[in-house]
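Enquirer: I'd like to ask you about the structure that follows.
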Amino acid sequence: MSLNPDPDTADRLLDAHAAAEVKGRSLWQDARTRFMRNRAAVAGLVALIAVCIFAFFGGFLAQYEPDYVDFALIGSNATQGVPSLETGHYFGTDSSGRDLYARTVQGTRISLLVGIVGAAVAVVVGTLYGAIAGYAGGRTDGAMMRTVDILMSVPYMFVLILMLVIFGRSILMLFIGIGLISWLDMSRIARGQTLTIKGKEFVEAAHATGVRPLTIILRHIVPNLLGLVIVYATLLVPQMIITESFISFLGLGIQEPNTSLGALISNGASNMQYGVIWQLAFPLFFFVVTLFAFFFVGDGLRDALDPKDR
Amino acid sequence: MLNYVLRRVAVAIPTLLLLIVISFALMYAAPGGPFNSERPLPAQVMANIEARYGLDQPYWKQMFDYVWNVVVHFDFGPSFQYRDRTVNDVIAQGFPVTLTYGFWSFIVALVVGVSLGAAAAIRHNSWLDYLAVGISIGAQVLPNFVMAPILVLVFTLWLGWLPGGGWQGGQIEYVILPVIALSTSYMASIARITRSSMLEVLNAGFIRTARAKGLPTSRIILRHALKPTMLPVLSYLGPAFVGMITGSVIIDVFFSTGGIGQFFVNSAFNRDYSVIMGITILVGVLTVLFNLVVDLLYAWIDPKIRY
Amino acid sequence: MTLKTRLLAGAALIAIAGAAHAESHAMMEHPETGEKLAADQTFTYRVLDEFPSIDPNLIEDVEGSAIGRNLFEGLMNQDEKGEVVPGVATGYEVSEDGMTYTFTLRDDAKWSNGEPVTAKDFVYSWQRAADPATASEYQWYMGLMKIANVDEVIAGDKEPSELGVKAVDDHTLEVTLSQPLPYFPQMVTHTTTFPVPQSVIEEHGDAWTQPGNMVSNGAYVLEDRVPQEYITLKKNPEYWDAENVIIEEVKALIINDENQALTRYLAGEFDQTDVPAGQFPRLAEEYPAQAISVPNLCTYYYNLNVSDSGPEALKDPKVREALYLAIDRDVVVDNVVAGGQKPAYTLTHWATAGFEVPAVEAAQMTQQERNAKAQELLAEAGYGKDGEPLSFDLLYNTSESHKQVATAIGQMWKQTLGVEISMANMEWQTFLEERHNKNYEIARAGWCADYNEASSFLDIMDSGSSYNDSGFNNADYDGLLAEAKTAEDPLPLYTQAEEILTQEFPILPIYHYATVFMMDDAIKGYPLENAQDNWYAKDLYRVAAE
């Protein structure tokens, strides 16, 4: 009954090493075959790879540094900062006269990092926490879930303001902050599902034969949560990116002159009625492509990993 | 079951007290204070103001007085920032607004999301599935701070159909745009969760059995598949509901609706301690309540869960 | 008046809008200009944020002050140029020594409940504003007015009744000062000094400002108020000059996002809104009759931390001067903020009454010359391209326009001087605390005049000023300011003080503000030459479409 995750995915999502040991090789070859048959998922994977290449190597094509300001362009963006191959501003310039191509490359890179690292923290912490709470049940469950309730009712903006102020501001801090906030939802979902799985025969059988609780959680519960976890993680990565931009929107995000897709989109959105639509269009394009890709890959993985689907 | 409810309520009370203590501590640790301004006030003026609001008292006493007033008198104190009103006034003003558009957004997100997700799962890998997935992803990738200005641009400036903001006591034309902007991304999430959950359910043994028995598909879906499908969706509803309440921040900023979101952000930036606390406690109570409801629904839907 | 910088936001501060539906004025002509008036005499305008208070003694922000001026009327008003004109008082006399002011109150001034406005109302209001029990943030303004005993009253050492203000009779108010203050009449146009109705406040307590409770003596009364949404004022029939008030209803809509506000303005939802930074040139071209830019008495500048906690390099005046010179203010003014602001090489705003901007050397040079000199100075100091690498943190509070200015200036320093700038934005409260604790290297600042006089600007760099976040301490400078307080003609002293600032460079002035807004061209009578943007709805009117 246990799932057979693709090692790379498992690595990214949770430490399911224990679960992986029991699997036969053919199972995950199967999964790969199924994944490759899913055209949307493959397209998503290709898009994702393309976005990654853009984010990590696109900078070599840029004609300008991301923080270089062309003073002649600041006030006349709408007429002179338009996207053009001739000027080397492939995506035009932003409202401060900086090259939008270079900034989009940088923003995509930072957003990907924020999304993946944040989601990874949330998923690992949340799944384990939720599974333990759900499996343990009783008082432990109550205490653990009430803790989540309390944490959820603490307005996260404060926590972030505090963390950013007390520990100084850095991208790392942002990753951790966002990750620490968003595992709460994950833990709820994992717990809810665990409650259902817990009643199933194989868990009860394992329990009856004296398998230790932690082993049951890691071997039997967590792998069965994987389908859900993957879908949720693919929901989470874009949410992380959106959360980051919301924080940028409040002025607590990535520190200028560094930027993120969310910050670029937020700027572009506030300028969109001023004839500089490319300031919104290009970052939004990469944003949308990235998210679509994540969603399709996530769905493809889910379908591929679900043994019941055969 | 009654026992369980009582126990949960009993736990909720210390939960809320703990919440108050944590938020109090966090607030006081944050830099700045409610009366800091660009030109620092003369020491004497500052002392007068702090005396008036009891900010010169020791920390534990402030907290005790606060809790006492909240619990015994249901009084959240005066706002430090809005000198003309108390926190009770602020909440009485802003909360019904937030609740109104939050409620409608919740309904829209749930109904549309579940229908879309279920339809996609039932017609798995058909054009309907792809369309539903496309719509839901499309809806999710547009951040609401992009969607809000687009909505206003289109419906207010270009078409002139709807007002671009304001509330006016919740007249229908003022509610539509906020609800669209707030519900879309939750609708998309619910659709995706429903779809994947239903796909799983439809593959489960008991559904196969039902199919094998030759029951009609509609009956299988409604009678057997829908309830278990809702489990992960239910898990998501708690966070989604709270998210909609706090998500009112962006709605209030863009549509000037005057909900608690705006008060909350302003108070956080202005260190208006009493308003922050009031809204935090309100959201805390709602969270606890809503999670209780979700857990009870869980038990109702899944008889295997024992308390 | 100190503004929260979020309010300043580089561009316009205030907007008015109005529309009045005035049956009485329908198809009438303006009594003075003869223009045909619109049937609808309402004025609706956008404000950024909810007013912290509309109690005159407590009002602490620019937008609340505008509401205060429409609801209440003080001893003196300002006209369209910012000159002091009679309000409730018909005039005043000053004693020989300049320490006693005697105001004569008009006998037809009434509260909106029909009671007469008397000198006692002012005495009550001023005592209330200074009373520690009221806990008004604007107690400091009462202190600034130098009324006798005010500091002791604020400190709680004397009873409020001992404040140097008394009602000689119902229509005579006598104010005693602790030192001569030539601009005192200017100061009583401020809302903190407006009368408040004692009986109503005693009856309703803090709730007296609620609709239905509030009684006021201005041209308008409070009709309705929904926090974070709108406030509506209606014409006050009891106002002594009500027959000359044309606008029947004034409504302020609270809209936080300036771009949304502009969209809704363009959709015709209201009559006035701010112009977001950088959008003025385009709007002025597209809507020449509606896009308006007027000077506003505020200065945008950067603080250099010259105190002990500041970086070593900033202790060298040559480095500070190099930074000062390498800012291309024309780019900032014309391209970044682009709303009719003017480059600032000195602190005091150019439009300040009775002030002439000193002709400092840097202002006469071209930017190439300034850059060349800046590079020279930096090289002499041993830093820059061939010397020791230099880098600074630039602190600003979160706002789109501050970010754009910081981005541009940071790049100017980098491109001209090779100085690396790392930008740090902080939310407002944290920013204030960090800057005030001198926990920064370079930090943005903005200052708006409390009253229309140069000392309102220059005082902030006094070594005792609480806003002197640079840590600048210069005895000559302090001496000049002290001397100016009593001088017959303070202008030469102010010029010298400015010159000290442009030798020492504790601050880098960048530009002088302008208020930039869009206003329906049917609205007339807006005081475009009032550099403090103090407008009165009673002076406005809406003309009929032709």
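Chain labels run A, B, ... following the order of the structure tokens; each chain numbers its residues from 1, and ligands are numbered from 1 in the order shown.
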Each residue of chain C lying at most 7 Å from chain A should get a row with its shortest atom-to-atom pair and the distance in Å to one decimal, counting only C-alpha atoms; could you produce that, ordered by chain and increasing number, as CSV?
Expert:
```
residue,atom,partner,partner_atom,distance
C:Asn259,CA,A:Ser270,CA,6.2
C:Gly278,CA,A:Gly75,CA,6.9
C:Val331,CA,A:Phe71,CA,7.0
C:Asn335,CA,A:Gly75,CA,3.9
C:Val336,CA,A:Gly75,CA,6.0
C:Thr398,CA,A:Gly251,CA,5.5
C:Gln404,CA,A:Ser96,CA,5.9
C:Ala408,CA,A:Val69,CA,6.8
C:Gln411,CA,A:Val69,CA,6.3
C:Met423,CA,A:Glu256,CA,6.0
C:Ala424,CA,A:Gln255,CA,6.5
C:Glu427,CA,A:Gly251,CA,6.7
```
Enquirer: Restrict the distance test to only C-alpha atoms, flag each residue of chain C within 8 Å of chain B, and return the flagged residues as a PyMOL selection string.
Expert: chain C and resi 2-5+51-55+58+132-133+135-137+139-140+154-155+206-207+209-210+226-229+254-257+260+263-264+266-267+269+427-430+432-433+466-467
Enquirer: Suppose we keep N, CA and C atoms; can you now write the selection as a short mmCIF file (atom, residue, chain, number, x, y, z; two decimals), in the first residue's frame?
Expert:
```
data_model
loop_
_atom_site.label_atom_id
_atom_site.label_comp_id
_atom_site.auth_asym_id
_atom_site.auth_seq_id
_atom_site.Cartn_x
_atom_site.Cartn_y
_atom_site.Cartn_z
N THR C 2 4.13 68.61 11.56
CA THR C 2 4.87 67.44 11.18
C THR C 2 3.93 66.47 10.51
N LEU C 3 4.38 65.92 9.44
CA LEU C 3 3.52 64.99 8.76
C LEU C 3 4.14 63.64 8.87
N LYS C 4 3.30 62.65 8.89
CA LYS C 4 3.84 61.33 8.72
C LYS C 4 4.29 61.27 7.28
N THR C 5 5.40 60.66 7.08
CA THR C 5 5.90 60.70 5.72
C THR C 5 5.02 59.95 4.79
N PHE C 51 -8.89 59.92 9.74
CA PHE C 51 -8.40 61.00 10.62
C PHE C 51 -8.25 60.46 12.03
N PRO C 52 -7.09 60.62 12.64
CA PRO C 52 -6.95 60.15 14.03
C PRO C 52 -7.99 60.81 14.93
N SER C 53 -8.30 62.09 14.69
CA SER C 53 -9.32 62.74 15.49
C SER C 53 -9.84 63.95 14.73
N ILE C 54 -11.08 64.37 15.03
CA ILE C 54 -11.57 65.63 14.47
C ILE C 54 -11.90 66.60 15.60
N ASP C 55 -11.42 66.29 16.80
CA ASP C 55 -11.52 67.21 17.92
C ASP C 55 -10.40 68.24 17.74
N LEU C 58 -7.22 67.97 19.50
CA LEU C 58 -6.47 66.72 19.36
C LEU C 58 -5.96 66.49 17.94
N PRO C 132 -2.73 68.47 30.93
CA PRO C 132 -2.17 67.11 30.81
C PRO C 132 -3.27 66.05 30.75
N ALA C 133 -4.42 66.31 31.39
CA ALA C 133 -5.48 65.30 31.41
C ALA C 133 -6.06 65.07 30.02
N ALA C 135 -4.26 65.07 27.36
CA ALA C 135 -3.25 64.25 26.70
C ALA C 135 -3.24 64.46 25.19
N SER C 136 -3.25 65.71 24.77
CA SER C 136 -3.18 66.00 23.34
C SER C 136 -1.73 65.95 22.88
N GLU C 137 -1.51 65.33 21.71
CA GLU C 137 -0.15 65.33 21.17
C GLU C 137 0.26 66.75 20.80
N GLN C 139 -0.07 69.35 22.52
CA GLN C 139 0.40 70.18 23.63
C GLN C 139 1.67 70.90 23.22
N TRP C 140 2.51 70.23 22.42
CA TRP C 140 3.77 70.86 22.04
C TRP C 140 3.51 72.12 21.22
N ILE C 154 1.66 72.22 31.21
CA ILE C 154 1.87 70.92 30.58
C ILE C 154 2.56 69.97 31.55
N ALA C 155 3.48 70.52 32.32
CA ALA C 155 4.21 69.67 33.27
C ALA C 155 3.36 69.31 34.47
N ASP C 206 -15.84 61.98 25.57
CA ASP C 206 -15.09 61.71 24.34
C ASP C 206 -15.99 61.53 23.12
N ALA C 207 -17.26 61.22 23.37
CA ALA C 207 -18.17 60.95 22.25
C ALA C 207 -18.73 62.24 21.65
N THR C 209 -17.55 64.16 19.55
CA THR C 209 -17.25 64.36 18.13
C THR C 209 -18.07 63.45 17.23
N GLN C 210 -18.96 62.67 17.79
CA GLN C 210 -19.79 61.79 16.96
C GLN C 210 -20.87 62.61 16.26
N VAL C 226 -18.25 57.62 8.67
CA VAL C 226 -17.99 56.19 8.75
C VAL C 226 -16.48 56.02 8.68
N PRO C 227 -15.86 55.57 9.78
CA PRO C 227 -14.40 55.49 9.79
C PRO C 227 -13.88 54.64 8.64
N GLN C 228 -12.77 55.02 8.11
CA GLN C 228 -12.11 54.34 6.99
C GLN C 228 -12.95 54.37 5.73
N GLU C 229 -14.06 55.10 5.73
CA GLU C 229 -14.83 55.17 4.50
C GLU C 229 -15.09 56.61 4.06
N ILE C 254 -12.14 58.23 2.10
CA ILE C 254 -10.84 57.70 2.51
C ILE C 254 -10.46 56.57 1.57
N ILE C 255 -9.42 56.80 0.78
CA ILE C 255 -8.97 55.81 -0.19
C ILE C 255 -7.46 55.68 -0.01
N ASN C 256 -7.01 54.51 0.42
CA ASN C 256 -5.60 54.37 0.76
C ASN C 256 -4.68 54.35 -0.44
N ASP C 257 -5.12 53.72 -1.51
CA ASP C 257 -4.21 53.52 -2.63
C ASP C 257 -4.35 54.67 -3.62
N GLN C 260 -5.48 53.71 -7.21
CA GLN C 260 -6.92 53.43 -7.26
C GLN C 260 -7.70 54.72 -7.23
N THR C 263 -7.71 56.35 -10.57
CA THR C 263 -8.62 55.67 -11.50
C THR C 263 -10.06 56.09 -11.23
N ARG C 264 -10.42 56.12 -9.96
CA ARG C 264 -11.80 56.46 -9.63
C ARG C 264 -12.08 57.94 -9.89
N LEU C 266 -10.74 59.59 -12.34
CA LEU C 266 -10.91 59.68 -13.79
C LEU C 266 -12.27 59.10 -14.21
N ALA C 267 -12.80 58.18 -13.38
CA ALA C 267 -14.13 57.64 -13.68
C ALA C 267 -15.21 58.61 -13.21
N GLU C 269 -15.81 59.77 -10.06
CA GLU C 269 -16.45 59.52 -8.77
C GLU C 269 -16.30 60.68 -7.80
N GLU C 427 9.59 50.00 7.94
CA GLU C 427 8.28 50.58 8.13
C GLU C 427 8.41 51.74 9.12
N TRP C 428 7.43 52.62 9.06
CA TRP C 428 7.51 53.94 9.67
C TRP C 428 8.01 53.97 11.11
N GLN C 429 7.37 53.19 12.00
CA GLN C 429 7.72 53.28 13.41
C GLN C 429 9.16 52.81 13.66
N THR C 430 9.55 51.75 12.98
CA THR C 430 10.91 51.26 13.14
C THR C 430 11.90 52.27 12.62
N LEU C 432 11.54 55.52 12.39
CA LEU C 432 11.67 56.66 13.30
C LEU C 432 12.59 56.33 14.46
N GLU C 433 12.38 55.13 15.00
CA GLU C 433 13.17 54.76 16.16
C GLU C 433 14.65 54.63 15.81
N SER C 466 14.60 68.28 18.86
CA SER C 466 14.39 66.84 18.94
C SER C 466 14.34 66.20 17.55
N TYR C 467 14.31 67.02 16.51
CA TYR C 467 14.28 66.45 15.16
C TYR C 467 15.66 66.48 14.52
#
```
Enquirer: What's around Phe91 of chain A at 10 Å? Count only C-alpha atoms, leave out sequence neighbours fewer than 2 positions away in its own chain, and write the answer as number ranges by chain.
Expert: A: 81-85, 88-89, 93-94, 99-104, 278-279, 281-283
Enquirer: Residues at most 12 Å from Thr147 of chain A, counting only C-alpha atoms, excluding those fewer than 5 positions away in the same chain, as a ChimeraX atom specification?
Expert: /A:129-130,133,140-142,152-154,184,187-188 /B:11-12,14-16,18-19,22,288
Enquirer: Determine, counting only C-alpha atoms, which protein, DNA and RNA residues have an atom within 10 Å of an atom of segment 371-378 of chain C; residues of the same chain fewer than 5 positions away are not included. Present the result as a PyMOL selection string.
Expert: chain C and resi 316-328+362+365-366+383-388+390+412-413+416-419
Enquirer: Since we have the selection now, will you write its residues out, keeping C-alpha atoms, as a compact mmCIF listing (two decimals), in the first residue's frame?
Expert:
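The resulting file, selection35.txt, is reproduced below:
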```txt
# COMPACT_ATOMS: atom_id res chain seq x y z
CA ASP C 316 35.09 64.32 7.08
CA PRO C 317 33.34 67.45 5.72
CA LYS C 318 34.89 66.78 2.32
CA VAL C 319 33.10 63.47 2.03
CA ARG C 320 29.84 65.10 3.07
CA GLU C 321 30.28 67.87 0.56
CA ALA C 322 31.11 65.37 -2.18
CA LEU C 323 27.86 63.53 -1.45
CA TYR C 324 26.02 66.84 -1.44
CA LEU C 325 27.42 67.86 -4.82
CA ALA C 326 27.04 64.53 -6.59
CA ILE C 327 23.24 64.52 -6.29
CA ASP C 328 21.78 65.58 -9.61
CA ALA C 362 26.72 74.91 -5.58
CA MET C 365 27.27 75.40 -10.98
CA THR C 366 26.33 72.95 -13.69
CA TYR C 383 38.42 57.81 -0.75
CA GLY C 384 36.73 57.02 -4.01
CA LYS C 385 37.88 55.55 -7.24
CA ASP C 386 41.60 55.63 -6.51
CA GLY C 387 41.41 55.65 -2.74
CA GLU C 388 39.77 53.63 -0.07
CA LEU C 390 33.49 53.75 0.47
CA MET C 412 24.32 58.89 -8.75
CA TRP C 413 26.77 58.36 -5.93
CA THR C 416 29.91 59.57 -10.03
CA LEU C 417 31.88 58.79 -6.89
CA GLY C 418 32.15 55.03 -6.88
CA VAL C 419 30.44 54.98 -3.49
```
